[in-house]
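Student: Have a look at this one.
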Amino acid sequence: MKRTLIHNALIVNEGTTTQGSVVITDQGTIAEVLTHGKPLSAPCDETIDATGCYLLPGVIDDHVHFRDPGLTYKADILSESRAAAAGGVTSIMDMPNTVPQTTTLEALEQKLALLDERCIVNHSCYYGATNDNSADFARLDKNRVCGVKLFMGSSTGNMLVDRLDSLRAVFGGTDLPIAAHCEDTATIRKNTEKYKAQYADEEDVPVGKHPNIRSSAACYASSSLAVRLAREAGARLHLLHLSTAREISLLEAGPVEGKRITGEACVAHLMFSQADYRTLGTLIKCNPAVKNKADRDALRKAVNDEIIDVIATDHAPHLITEKKGGALKAMSGMPMVQFSLISMLQLVNEGVFTIEKIVEKMCHAPARLFHIRQRGFIREGYQADLVLVRPDSPWMLDKSLILSKCGWSPLEGRTFDWHVERTLVNGHTVYDGQQVDETYRGEALTFER
């Protein structure tokens with residue numbers, strides 16, 4: 001059995017940062033974690049010198065839209081998993097608003113087969129809830145499907161579940177995590193009509209009004225309803241892409257284990273605020289909207305206070321031509337998976353988070369929340385999903401570096417001080433700091449439930 005030594009790294013794992021080395025096998029597992037002077041048990045065949053680098057568990061992104069099948073003109077599983085690998089993301093969970101939607105058992109099997117066939121990193125996908133398919137939930141394989149996706153507000157793909165009886169059937173129909181997009185459609189429609197009238201003489205409502213249309217009130221009305229219904233049913237609710245300070249009051253502080261209601265913050269809502277529409281315009285238009293600085297700062301604090309459990313991307317690529325217009329016409333969503341880790345590490349440099357906190361929220365907590373088998377930690381016997389990152393290596397994000405098929409990023413022109421040096425998926429180097437190995441295929445995630 002071939003043994004590879006990742007030598008002399010700063011290992012960030014389970015709340016500590018410790019100088020050490022890790023041995024991985026050619027079967028894709030971690031054989032030894034060598035810290036505090038622990039010696040090698042046997043010689044190694046290959047050594048990767050990690051001096052000056054931090055070794056982290058691979059990022060687990062519980063919220064991506066890889067657009068495959070049916071929307072592959074803007075993204076596909078191969079292109080977006082290539083971007084993920086280059087960003088230190090070793091596992092993804094894909095969303096169901098594709099064509100066809102992943103809302104039938106047949107479509108689910110087709111999606112899982114596509115992921116097996118095309119995805120460079122490890123993978124699973126959600127089953128999409130509709131107004132009338134909750135009877136399917138009992139037939140889902142809990143070891144293969146990460147959760148049920150519920151749109152409680154219309155967004156890309158028109159999968160809105162808007163009848164109270166249907167919502168109760170969803171919440172009462174499964175023990176799987178119910179990952180909910182929460183925005184109240186009636187509030188959004190009322191706000192839309194208000195701003196369409198106000199800007200009737202213009203081609204579109206200015207994008208800076210997007211957070212006024214998809215407002216904090218719209219988010220809270222829907223999120224609070226989801227929490228109420230989940231508590232009534234004893235369901236396992238995961239509130240996606242929280243964007244407001246008020247929604248944080250719906251969550252409790254503490255470790256993710258044992259929580260029935262958890263929350264996710266996305267990179268965009270932790271980085272940007274309403275002021276950024278002036279310079280970035282529709283490039284940062286997403287649903288729910290990026291809101292004001294007070295909301296952003298409250299989300300950051302909730303991450304540090306163990307109230308928000310997970311940091312993800314909601315990676316949602318569109319062609320740049322689809323981002324033309326304003327608050328109503330430009331499509332919502334942005335590609336973030338390639339640069340999510342380095343963006344959060346940049347916030348470490350700014351004193352917003354610690355590196356241990358980033359690893360907790362992007363690696364450990366998703367593994368715990370979804371009960372992923374033997375991933376998300378640097379532990380002996382676990383899968384060798386790892387990323388080496390080097391600090392103090394300034395570089396500017398140029399369009400030529402973007403691997404997502406859409407070919408743009410709202411982060412273009414920014415300078416980052418961290419560089420992804422190597423990404424390993426199941427012990428295999430899928431990214432060497434320059435190129436992605438597009439021949440490799442990740443494994444299907446297994447959930448211990």
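Quick note on naming: the chains in the structure tokens go A, B, ... in the order shown, residues restart at 1 in each chain, and ligands are numbered from 1 in order of appearance.
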Please identify every residue of stretch 372-395 of chain A that has at least one atom no farther than 10 Å from an atom of stretch 437-448 of chain A, counting only C-alpha atoms, and for each give the shortest atom pair and the distance in Å to one decimal, arranged by chain then increasing number, as JSON lines.

Tutor:
{"residue": "A:Ile372", "atom": "CA", "partner": "A:Phe447", "partner_atom": "CA", "distance": 4.5}
{"residue": "A:Arg373", "atom": "CA", "partner": "A:Thr446", "partner_atom": "CA", "distance": 5.5}
{"residue": "A:Gln374", "atom": "CA", "partner": "A:Thr446", "partner_atom": "CA", "distance": 8.7}
{"residue": "A:Arg375", "atom": "CA", "partner": "A:Leu445", "partner_atom": "CA", "distance": 8.9}

Student: Please produce a file of those selected residues containing N, CA and C atoms, as a PDB file, in the first residue's frame.

Tutor:
ATOM      1  N   ILE A 372     -22.658  12.992   7.679  1.00  0.00           N
ATOM      2  CA  ILE A 372     -21.885  12.443   6.565  1.00  0.00           C
ATOM      3  C   ILE A 372     -20.860  11.455   7.116  1.00  0.00           C
ATOM      4  N   ARG A 373     -20.785  10.321   6.478  1.00  0.00           N
ATOM      5  CA  ARG A 373     -19.908   9.257   6.952  1.00  0.00           C
ATOM      6  C   ARG A 373     -18.442   9.579   6.648  1.00  0.00           C
ATOM      7  N   GLN A 374     -17.615   9.672   7.702  1.00  0.00           N
ATOM      8  CA  GLN A 374     -16.156   9.721   7.661  1.00  0.00           C
ATOM      9  C   GLN A 374     -15.593  10.816   6.757  1.00  0.00           C
ATOM     10  N   ARG A 375     -16.217  11.990   6.840  1.00  0.00           N
ATOM     11  CA  ARG A 375     -15.684  13.152   6.128  1.00  0.00           C
ATOM     12  C   ARG A 375     -15.828  14.382   7.008  1.00  0.00           C
TER      13      ARG A 375
END

Student: Please identify all polymer residues within 10 Å of A:Phe416, counting only C-alpha atoms, omitting same-chain residues fewer than 3 positions from it, and present them as a PyMOL selection string.

Tutor: chain A and resi 339+342-343+345-346+349+391-397+411+413+419

Student: Taking 5 positions as the minimum chain separation for residues in the same chain, which residues sit within 10 Å of A:Glu257 when counting only C-alpha atoms? Answer as a list in words.

Tutor: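 My list of contacting residues is Thr262, Asp309, Ala365, Arg368, Leu369, Phe370 and His371 of chain A.
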
Student: Counting only C-alpha atoms, what is within 12 Å of stretch 181-183 of chain A, bar same-chain residues fewer than 5 positions away, as an MDAnalysis selection string?

Tutor: chainID A and resid 63 95 128:129 148:156 159:162 188:189 211 213:227 237:244 247 263:265 287:289 314

Student: As a PyMOL selection string, please: every residue in stretch 116-266 of chain A that DSSP puts in strand (DSSP E).

Tutor: chain A and resi 122-128+147-151+178-181+237-239+261-266

Student: Quick one: of A:Asp201, A:Glu80, A:Glu380, A:Asp175, who's nearest to A:Gly407, counting only C-alpha atoms?

Tutor: A:Glu80

Student: Given the choices A:Met271, A:Cys286, A:Thr4, A:Thr354, which gets closest to A:Asn304 if the distance is worked out from only C-alpha atoms?

Tutor: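 Looking only at the distances to A:Asn304, the closest residue turns out to be A:Thr354.
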
Student: Rounded to one decimal, what separation in Å do you get between atom CA of A:Thr16 and atom CA of A:Arg300?

Tutor: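 Those two atoms sit 20.6 Å apart.
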
Student: Hey, which of A:Asp49, A:Val207, A:Pro366, A:Val290 ends up closest to A:Pro177? Count only C-alpha atoms.

Tutor: A:Pro366

Student: Just checking: using only C-alpha atoms, which residue out of A:Lys361, A:Lys111, A:Lys2, A:Arg449 ends up closest to A:Leu176?

Tutor: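 Counting only C-alpha atoms, the residue closest to A:Leu176 is A:Arg449.
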
Student: Select from stretch 278-336 of chain A everything DSSP, run on the backbone, classes as alpha helix (DSSP H), then give the selection as a list in words.

Tutor: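 Assigned to alpha helix (DSSP H), within stretch 278-336 of chain A: Arg278, Thr279, Leu280, Lys293, Ala294, Asp295, Arg296, Asp297, Ala298, Leu299, Arg300, Lys301, Ala302, Val303 and Asn304 of chain A.
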